[in-house]
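Asks: Following this message is one structure expressed as structure tokens.
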Amino acid sequence: MRHALLLGLAAAVAAGVPWTQASAQMDDPVAAEFDKFREVLEKDNPAELWEVKGEQLWTTPGGPKKASLEKCDLGLGPGVVKGAYAQMPRYFADVDRVMDAEARIVHCMITLQGYELDKLDDKPFSSATHTPDPVSITTYVAAQSAGMKLAPPQNHPKEKAAYAIGKEIFHYRAGSYDFSCASCHGVDGQRIRTQPLPNFTKPEQAIRSVQGWPGYRMTGGVMHTLQWRLTDCYRQQRFPEPGYTSETLSALLTYLTVNASGQVYKGPGIKR
Amino acid sequence: MHQTRRTVTLGLLAALGGALLSPLRALAARNQGAFEAKSAVDAMRALGMSGAAESKDIEIRAPDIAENGAVVPIDITSNIPGTTSISVFIEKNPFPYTGTFDFTAGAVPFVHLRAKVGESTPVRVVVAAGGKFYTTAKEVKVTIGGCGG
Amino acid sequence: MADPMKIRATLQGDVADVRVLMAHPMETGQRKQGGQVVPLHFIQSITATLNGKQVFSADISQAISRNPVFAFKVKGAKAGDEIAVTWKDNKGETRTDKTTVRGGS
């Protein structure tokens with residue numbers, strides 16, 4: 001499937017028609033039809049299956065140290081899950097860096113449960129037959145912020161630095177197609193075939209970089225987090241892959257989430 | 001998508017498995033012939049539903065254009081008194097017969113399901129009520145998708 | 001063992017709106033992974049009961065989407081009634097989960 005998409009994209013690029021400037025906004029009847037049925041699909045979201053699994057993984061002792069994650073500090077104090085996702089990425093003094101939700105969860109799995117990073121990041125993303133535990137746990141944690149306003153802090157100097165670095169990454173053009181995130185997501189009215197692309201530099205559209213993630217992806221029927229989404233964007237840009245839970249991804253997520261600050265996060269969603 | 005010898009074999013195995021179905025299930029055996037039929041007409045014949053009368057009392061709510069053919073949401077409501085089952089045929093799928101939903105002891109003749117739709121196709125519904133069959137269909141378009149999400 | 005279903009049953013008047021999420025790959029037998037065809041593997045039948053009495057059942061094909069979602073409605077249900085849902089797949093695997101009907105808004 002990945003290959004099919006990739007080839008499709010490559011073919012479109014070769015044909016010189018990848019980004020049509022045609023209206024992709026609310027007056028688009030196709031987009032309106034998608035939105036209408038998106039509501040139907042969201043009403044019963046298979047993401048809930050992973051939410052249940054993630055809660056179990058959070059509360060059940062596991063890993064070499066046979067510990068649960070209930071002492072994990074997601075920024076609001078050890079064990080506090082409610083609202084934590086909406087207030088990340090944030091600075092964590094114990095690691096002296098900014099971490100997004102999944103990076104922090106993986107950190108807790110390593111420090112509290114005794115897992116090794118090498119094993120967790122060997123195959124960090126979901127396939128048709130396997131959903132890694134950090135994905136399920138992130139889905140559970142995210143669900144506990146449903147209905148809350150996004151409020152990633154921008155107080156610590158490293159939080160401000162992460163925003164600035166993330167912004168620079170977002171606009172950094174490179175690779176064989178001389179692409180940046182902003183090439184697709186920094187302009188109004190872009191689309192890929194039937195898919196309108198939001199402009200993440202605008203506050204009212206920035207929410208769409210966070211909304212619906214973690215998301216149940218209809219293509220393949222798999223659960224994915226923002227770590228996957230951004231890594232896959234790197235692949236689509238023909239960039240070298242960033243490291244799983246790396247500071248690069250936390251910085252980019254800081255930029256995107258801060259741009260969406262104050263908007264209501266609806267919890268895990270459903271994606272195309 | 002083509003039917004292979006392998007699917008046929010597996011289908012036969014599945015048919016044998018069907019004999020072990022829950023005793024709760026009133027309808028005896030799975031109608032394997034209908035599930036293996038490659039056209040809706042053949043499937044309906046296998047189910048004894050040929051000659052169903054067109055009816056305006058069956059509502060199908062499905063997208064005119066589906067965002068992703070892997071997951072097409074379909075709501076079906078029958079307003080025909082005495083409805084006992086709703087059957088679904090996705091006409092252009094390799095095996096159009098998608099299933100039959102039976103309603104007993106107070107179940108309202110409504111079902112929500114999500115199906116894989118390989119290409120733009122009529123979605124045909126057949127309702128059984130009072131020993132008779134009624135039918136209607138709705139066209140669902142499937143687009144080639146973009147990437148991302 | 002198969003992962004549990006998630007079942008919600010909410011009253012709207014005397015009708016219980018039952019919504020079920022199932023964890024199942026629903027392999028069509030036509031998908032390839034690493035050059036190999038992934039064998040047909042799908043839920044074939046579903047039954048649902050209200051306080052032990054069958055109210056809804058289905059025979060389905062592999063065309064139902066991965067991780068199936070179904071909703072149906074049961075008349076004459078009361079808060080506290082038990083809804084049980086069972087699925088069986090073509091490999092003989094089965095799973096039953098239950099929930100209690102909850103009062104609606």
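Chain identifiers are assigned as A, B, and so on, following the order in which chains appear in the structure tokens; residues are numbered from 1 within each chain, and ligands are numbered from 1 in order of appearance.
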Per residue of chain C within 9 Å of chain B, note the shortest atom pair and the distance in Å to one decimal, counting only C-alpha atoms, and order the rows by chain and increasing residue number, as CSV.

Replies:
residue,atom,partner,partner_atom,distance
C:Val15,CA,B:Val108,CA,8.3
C:Arg19,CA,B:His112,CA,8.7
C:Gly29,CA,B:Thr7,CA,6.7
C:Gln30,CA,B:Met1,CA,6.6
C:Pro39,CA,B:Thr7,CA,8.3
C:Leu40,CA,B:Thr7,CA,7.2
C:Gln44,CA,B:Gly18,CA,8.3
C:Ser45,CA,B:Leu21,CA,7.9
C:Ile46,CA,B:Arg25,CA,8.7
C:Thr47,CA,B:Arg25,CA,7.0
C:Lys53,CA,B:Ala105,CA,7.9
C:Gln54,CA,B:Thr104,CA,6.8
C:Val55,CA,B:Thr104,CA,4.7
C:Phe56,CA,B:Phe103,CA,4.9
C:Ser57,CA,B:Asp102,CA,5.1
C:Ala58,CA,B:Phe101,CA,4.4
C:Asp59,CA,B:Gly99,CA,5.3
C:Ile60,CA,B:Gly99,CA,4.1
C:Ser61,CA,B:Thr98,CA,5.0
C:Gln62,CA,B:Thr98,CA,7.5
C:Ala63,CA,B:Lys116,CA,5.2
C:Ile64,CA,B:Ala115,CA,4.3
C:Ser65,CA,B:Ala115,CA,4.7
C:Arg66,CA,B:Val71,CA,8.1
C:Pro68,CA,B:Arg114,CA,6.9
C:Val69,CA,B:Leu113,CA,6.0
C:Phe70,CA,B:Leu113,CA,4.9
C:Ala71,CA,B:His112,CA,4.8
C:Phe72,CA,B:Val111,CA,4.9
C:Lys73,CA,B:Val108,CA,5.3
C:Val74,CA,B:Ala107,CA,4.3
C:Lys75,CA,B:Gly106,CA,5.0
C:Gly76,CA,B:Gly106,CA,6.8
C:Ala77,CA,B:Gly106,CA,9.0
C:Lys88,CA,B:Leu21,CA,7.7
C:Asp89,CA,B:Ala14,CA,8.8
C:Asn90,CA,B:Ala14,CA,5.4
C:Lys91,CA,B:Ala14,CA,7.6
C:Gly92,CA,B:Gly17,CA,6.9

Asks: Report as a tab-separated table: every residue of region 74-140 of chain A with an atom at most 7 Å from region 150-163 of chain A, its closest pair of atoms, and their distance in Å to one decimal, counting only C-alpha atoms, with rows sorted by chain and ascending residue number.

Replies:
residue	atom	partner	partner_atom	distance
A:Ala86	CA	A:Leu150	CA	4.6
A:Gln87	CA	A:Pro152	CA	4.2
A:Met88	CA	A:Pro152	CA	4.9
A:Pro89	CA	A:Pro152	CA	5.9
A:Arg90	CA	A:Pro153	CA	6.1
A:Tyr91	CA	A:Glu159	CA	6.0
A:Arg97	CA	A:Lys158	CA	6.8
A:Val98	CA	A:Glu159	CA	6.3

Asks: Restricting it to N, CA and C atoms, dump the selection as an mmCIF file, in the first residue's frame.

Replies:
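File produced: result00.cif:
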data_model
loop_
_atom_site.group_PDB
_atom_site.id
_atom_site.type_symbol
_atom_site.label_atom_id
_atom_site.label_comp_id
_atom_site.auth_asym_id
_atom_site.auth_seq_id
_atom_site.Cartn_x
_atom_site.Cartn_y
_atom_site.Cartn_z
ATOM 1 N N ALA A 86 -3.160 17.136 26.523
ATOM 2 C CA ALA A 86 -3.460 18.472 25.989
ATOM 3 C C ALA A 86 -2.406 19.497 26.399
ATOM 4 N N GLN A 87 -1.555 19.116 27.360
ATOM 5 C CA GLN A 87 -0.533 20.061 27.839
ATOM 6 C C GLN A 87 0.872 19.598 27.492
ATOM 7 N N MET A 88 0.958 18.840 26.428
ATOM 8 C CA MET A 88 2.264 18.403 25.912
ATOM 9 C C MET A 88 2.346 18.804 24.451
ATOM 10 N N PRO A 89 3.541 18.916 23.897
ATOM 11 C CA PRO A 89 4.857 18.681 24.496
ATOM 12 C C PRO A 89 5.190 19.713 25.584
ATOM 13 N N ARG A 90 6.024 19.316 26.521
ATOM 14 C CA ARG A 90 6.470 20.207 27.585
ATOM 15 C C ARG A 90 7.877 19.815 28.050
ATOM 16 N N TYR A 91 8.470 20.726 28.836
ATOM 17 C CA TYR A 91 9.826 20.490 29.352
ATOM 18 C C TYR A 91 9.777 19.568 30.565
ATOM 19 N N ARG A 97 14.867 18.047 28.694
ATOM 20 C CA ARG A 97 14.474 18.280 27.299
ATOM 21 C C ARG A 97 12.941 18.353 27.214
ATOM 22 N N VAL A 98 12.491 18.816 26.083
ATOM 23 C CA VAL A 98 11.054 18.839 25.812
ATOM 24 C C VAL A 98 10.658 17.478 25.247
#

Asks: Identify, with DSSP run on backbone atoms, the residues in chain C assigned to strand (DSSP E or B), and express the list as a compact mmCIF listing (two decimals) with N, CA and C atoms, in the first residue's frame.

Replies:
# COMPACT_ATOMS: atom_id res chain seq x y z
N LYS C 6 -15.92 -3.97 22.28
CA LYS C 6 -16.43 -2.86 23.08
C LYS C 6 -17.91 -2.69 22.70
N ILE C 7 -18.78 -2.85 23.68
CA ILE C 7 -20.22 -2.79 23.41
C ILE C 7 -20.83 -1.67 24.25
N ARG C 8 -21.69 -0.91 23.60
CA ARG C 8 -22.40 0.17 24.29
C ARG C 8 -23.88 -0.06 24.03
N ALA C 9 -24.69 -0.01 25.08
CA ALA C 9 -26.14 -0.16 24.89
C ALA C 9 -26.81 0.95 25.67
N THR C 10 -27.44 1.89 24.95
CA THR C 10 -28.02 3.07 25.58
C THR C 10 -29.50 3.15 25.25
N LEU C 11 -30.32 3.41 26.27
CA LEU C 11 -31.76 3.51 26.04
C LEU C 11 -32.14 4.83 25.41
N GLN C 12 -33.03 4.72 24.40
CA GLN C 12 -33.69 5.91 23.85
C GLN C 12 -35.16 5.56 23.89
N VAL C 15 -36.20 1.76 23.49
CA VAL C 15 -35.35 1.10 22.49
C VAL C 15 -33.88 1.22 22.91
N ALA C 16 -33.21 0.09 22.98
CA ALA C 16 -31.78 0.13 23.30
C ALA C 16 -30.99 0.25 22.00
N ASP C 17 -30.17 1.27 21.94
CA ASP C 17 -29.29 1.50 20.80
C ASP C 17 -27.99 0.75 21.13
N VAL C 18 -27.72 -0.33 20.41
CA VAL C 18 -26.56 -1.17 20.71
C VAL C 18 -25.49 -0.94 19.66
N ARG C 19 -24.29 -0.60 20.10
CA ARG C 19 -23.19 -0.32 19.18
C ARG C 19 -22.00 -1.19 19.57
N VAL C 20 -21.45 -1.89 18.60
CA VAL C 20 -20.42 -2.89 18.89
C VAL C 20 -19.16 -2.64 18.06
N LEU C 21 -18.02 -2.61 18.73
CA LEU C 21 -16.72 -2.56 18.04
C LEU C 21 -16.05 -3.90 18.24
N GLU C 27 -9.49 -10.51 7.08
CA GLU C 27 -8.65 -10.69 5.89
C GLU C 27 -9.49 -11.25 4.74
N LYS C 32 -1.81 -9.12 -0.09
CA LYS C 32 -0.48 -9.72 -0.05
C LYS C 32 0.39 -8.98 0.94
N GLN C 33 1.21 -9.73 1.65
CA GLN C 33 2.18 -9.14 2.56
C GLN C 33 3.50 -9.88 2.34
N GLN C 36 3.44 -12.80 -0.02
CA GLN C 36 2.57 -13.92 0.32
C GLN C 36 1.13 -13.43 0.49
N VAL C 37 0.21 -14.26 0.00
CA VAL C 37 -1.20 -13.92 0.20
C VAL C 37 -1.55 -14.21 1.66
N HIS C 41 -9.45 -14.78 6.55
CA HIS C 41 -9.66 -14.87 7.99
C HIS C 41 -10.69 -13.81 8.36
N ILE C 43 -14.74 -12.88 10.35
CA ILE C 43 -15.91 -13.23 11.17
C ILE C 43 -17.02 -13.65 10.22
N GLN C 44 -17.65 -14.79 10.54
CA GLN C 44 -18.72 -15.30 9.67
C GLN C 44 -20.10 -15.09 10.26
N SER C 45 -20.17 -15.14 11.59
CA SER C 45 -21.51 -15.02 12.17
C SER C 45 -21.46 -14.21 13.46
N ILE C 46 -22.58 -13.57 13.71
CA ILE C 46 -22.73 -12.75 14.91
C ILE C 46 -24.10 -13.06 15.49
N THR C 47 -24.18 -13.20 16.81
CA THR C 47 -25.50 -13.28 17.45
C THR C 47 -25.51 -12.33 18.63
N ALA C 48 -26.67 -11.76 18.90
CA ALA C 48 -26.80 -10.89 20.05
C ALA C 48 -28.05 -11.28 20.82
N THR C 49 -27.93 -11.26 22.14
CA THR C 49 -29.08 -11.61 22.98
C THR C 49 -29.39 -10.49 23.96
N LEU C 50 -30.67 -10.41 24.32
CA LEU C 50 -31.13 -9.50 25.38
C LEU C 50 -31.63 -10.40 26.51
N LYS C 53 -32.08 -13.96 25.44
CA LYS C 53 -32.97 -14.27 24.32
C LYS C 53 -32.43 -13.62 23.05
N GLN C 54 -32.32 -14.43 21.98
CA GLN C 54 -31.73 -13.88 20.76
C GLN C 54 -32.59 -12.78 20.14
N VAL C 55 -31.94 -11.65 19.81
CA VAL C 55 -32.68 -10.54 19.20
C VAL C 55 -32.12 -10.16 17.83
N PHE C 56 -30.86 -10.50 17.59
CA PHE C 56 -30.20 -10.05 16.37
C PHE C 56 -29.15 -11.09 16.00
N SER C 57 -29.08 -11.41 14.71
CA SER C 57 -28.01 -12.31 14.28
C SER C 57 -27.63 -11.98 12.85
N ALA C 58 -26.48 -12.42 12.45
CA ALA C 58 -26.02 -12.10 11.10
C ALA C 58 -25.06 -13.15 10.59
N ASP C 59 -25.14 -13.39 9.28
CA ASP C 59 -24.11 -14.11 8.53
C ASP C 59 -23.42 -13.05 7.70
N ILE C 60 -22.11 -12.96 7.79
CA ILE C 60 -21.44 -11.90 7.04
C ILE C 60 -20.27 -12.44 6.22
N ILE C 64 -16.91 -7.15 5.04
CA ILE C 64 -17.07 -6.24 6.18
C ILE C 64 -15.67 -5.71 6.55
N VAL C 69 -17.55 -2.72 12.85
CA VAL C 69 -18.44 -1.89 13.67
C VAL C 69 -19.87 -2.20 13.25
N PHE C 70 -20.72 -2.52 14.22
CA PHE C 70 -22.14 -2.73 13.92
C PHE C 70 -22.99 -1.97 14.93
N ALA C 71 -24.16 -1.57 14.49
CA ALA C 71 -25.13 -1.03 15.43
C ALA C 71 -26.49 -1.61 15.08
N PHE C 72 -27.28 -1.89 16.13
CA PHE C 72 -28.66 -2.34 15.93
C PHE C 72 -29.49 -1.84 17.10
N LYS C 73 -30.81 -2.02 17.00
CA LYS C 73 -31.71 -1.46 18.01
C LYS C 73 -32.66 -2.53 18.53
N VAL C 74 -32.84 -2.55 19.85
CA VAL C 74 -33.71 -3.55 20.46
C VAL C 74 -34.83 -2.87 21.23
N LYS C 75 -36.06 -3.19 20.83
CA LYS C 75 -37.24 -2.60 21.47
C LYS C 75 -37.57 -3.35 22.76
N GLU C 82 -29.29 -7.20 30.24
CA GLU C 82 -27.97 -7.62 29.76
C GLU C 82 -28.00 -7.89 28.25
N ILE C 83 -27.04 -7.27 27.56
CA ILE C 83 -26.85 -7.54 26.12
C ILE C 83 -25.55 -8.33 25.98
N ALA C 84 -25.64 -9.46 25.29
CA ALA C 84 -24.43 -10.25 25.02
C ALA C 84 -24.26 -10.38 23.51
N VAL C 85 -23.03 -10.25 23.06
CA VAL C 85 -22.75 -10.38 21.63
C VAL C 85 -21.67 -11.45 21.45
N THR C 86 -21.89 -12.33 20.48
CA THR C 86 -20.92 -13.39 20.17
C THR C 86 -20.55 -13.33 18.69
N TRP C 87 -19.27 -13.44 18.39
CA TRP C 87 -18.88 -13.63 16.99
C TRP C 87 -18.11 -14.93 16.84
N LYS C 88 -18.18 -15.48 15.64
CA LYS C 88 -17.37 -16.67 15.31
C LYS C 88 -16.73 -16.42 13.97
N ASP C 89 -15.45 -16.83 13.84
CA ASP C 89 -14.81 -16.62 12.54
C ASP C 89 -14.58 -17.94 11.80
N THR C 94 -13.87 -17.82 18.52
CA THR C 94 -15.10 -17.16 18.93
C THR C 94 -14.83 -16.27 20.12
N ARG C 95 -15.72 -15.33 20.32
CA ARG C 95 -15.55 -14.39 21.43
C ARG C 95 -16.94 -13.89 21.84
N THR C 96 -17.21 -13.85 23.12
CA THR C 96 -18.47 -13.31 23.63
C THR C 96 -18.17 -12.21 24.63
N ASP C 97 -18.84 -11.10 24.51
CA ASP C 97 -18.72 -10.03 25.50
C ASP C 97 -20.11 -9.53 25.86
N LYS C 98 -20.21 -8.95 27.05
CA LYS C 98 -21.52 -8.53 27.57
C LYS C 98 -21.47 -7.09 28.03
N THR C 99 -22.64 -6.49 28.08
CA THR C 99 -22.75 -5.17 28.68
C THR C 99 -24.14 -5.01 29.27
N THR C 100 -24.30 -3.96 30.06
CA THR C 100 -25.59 -3.69 30.70
C THR C 100 -26.21 -2.48 30.00
N ARG C 102 -27.84 0.86 29.54
CA ARG C 102 -27.81 2.06 30.38
C ARG C 102 -28.88 3.06 29.96

Asks: Give me the residues of region 205-240 of chain A that have any atom at most 12 Å from an atom of region 49-66 of chain A; for each, the nearest atom pair and the distance in Å, rounded to one decimal. Use only C-alpha atoms, sort by chain and number, and format it as JSON lines.

Replies:
{"residue": "A:Pro214", "atom": "CA", "partner": "A:Glu51", "partner_atom": "CA", "distance": 10.1}
{"residue": "A:Gly215", "atom": "CA", "partner": "A:Trp50", "partner_atom": "CA", "distance": 10.3}
{"residue": "A:Tyr216", "atom": "CA", "partner": "A:Trp50", "partner_atom": "CA", "distance": 9.3}
{"residue": "A:Val222", "atom": "CA", "partner": "A:Trp50", "partner_atom": "CA", "distance": 10.0}
{"residue": "A:Met223", "atom": "CA", "partner": "A:Trp50", "partner_atom": "CA", "distance": 7.6}
{"residue": "A:His224", "atom": "CA", "partner": "A:Trp50", "partner_atom": "CA", "distance": 10.3}
{"residue": "A:Thr225", "atom": "CA", "partner": "A:Trp50", "partner_atom": "CA", "distance": 11.6}

Asks: May I have the selected residues written with C-alpha atoms, as an mmCIF file, in the first residue's frame?

Replies:
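Dumped to part28.cif:
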data_model
loop_
_atom_site.group_PDB
_atom_site.id
_atom_site.type_symbol
_atom_site.label_atom_id
_atom_site.label_comp_id
_atom_site.auth_asym_id
_atom_site.auth_seq_id
_atom_site.Cartn_x
_atom_site.Cartn_y
_atom_site.Cartn_z
ATOM 1 C CA PRO A 214 -3.793 9.362 17.599
ATOM 2 C CA GLY A 215 -5.978 8.168 14.767
ATOM 3 C CA TYR A 216 -7.497 4.974 13.486
ATOM 4 C CA VAL A 222 -4.339 0.487 11.893
ATOM 5 C CA MET A 223 -3.863 2.783 14.880
ATOM 6 C CA HIS A 224 -1.263 5.506 14.430
ATOM 7 C CA THR A 225 0.161 8.300 16.579
#

Asks: Within 9 Å of chain C, which residues belong to chain A? Use only C-alpha atoms and report them as a ChimeraX atom specification.

Replies: /A:44-46,48-49,52-53,128-129,218,220-221

Asks: Between CA of Ala47 (chain A) and CA of Pro268 (chain A), measure the distance and give it in Å to one decimal.

Replies: 6.6 Å

Asks: Quick one: pull the distance between CA of Pro124 (chain A) and CA of Ala142 (chain A), Å, one decimal.

Replies: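 Computing it gives 17.7 Å between the two atoms.
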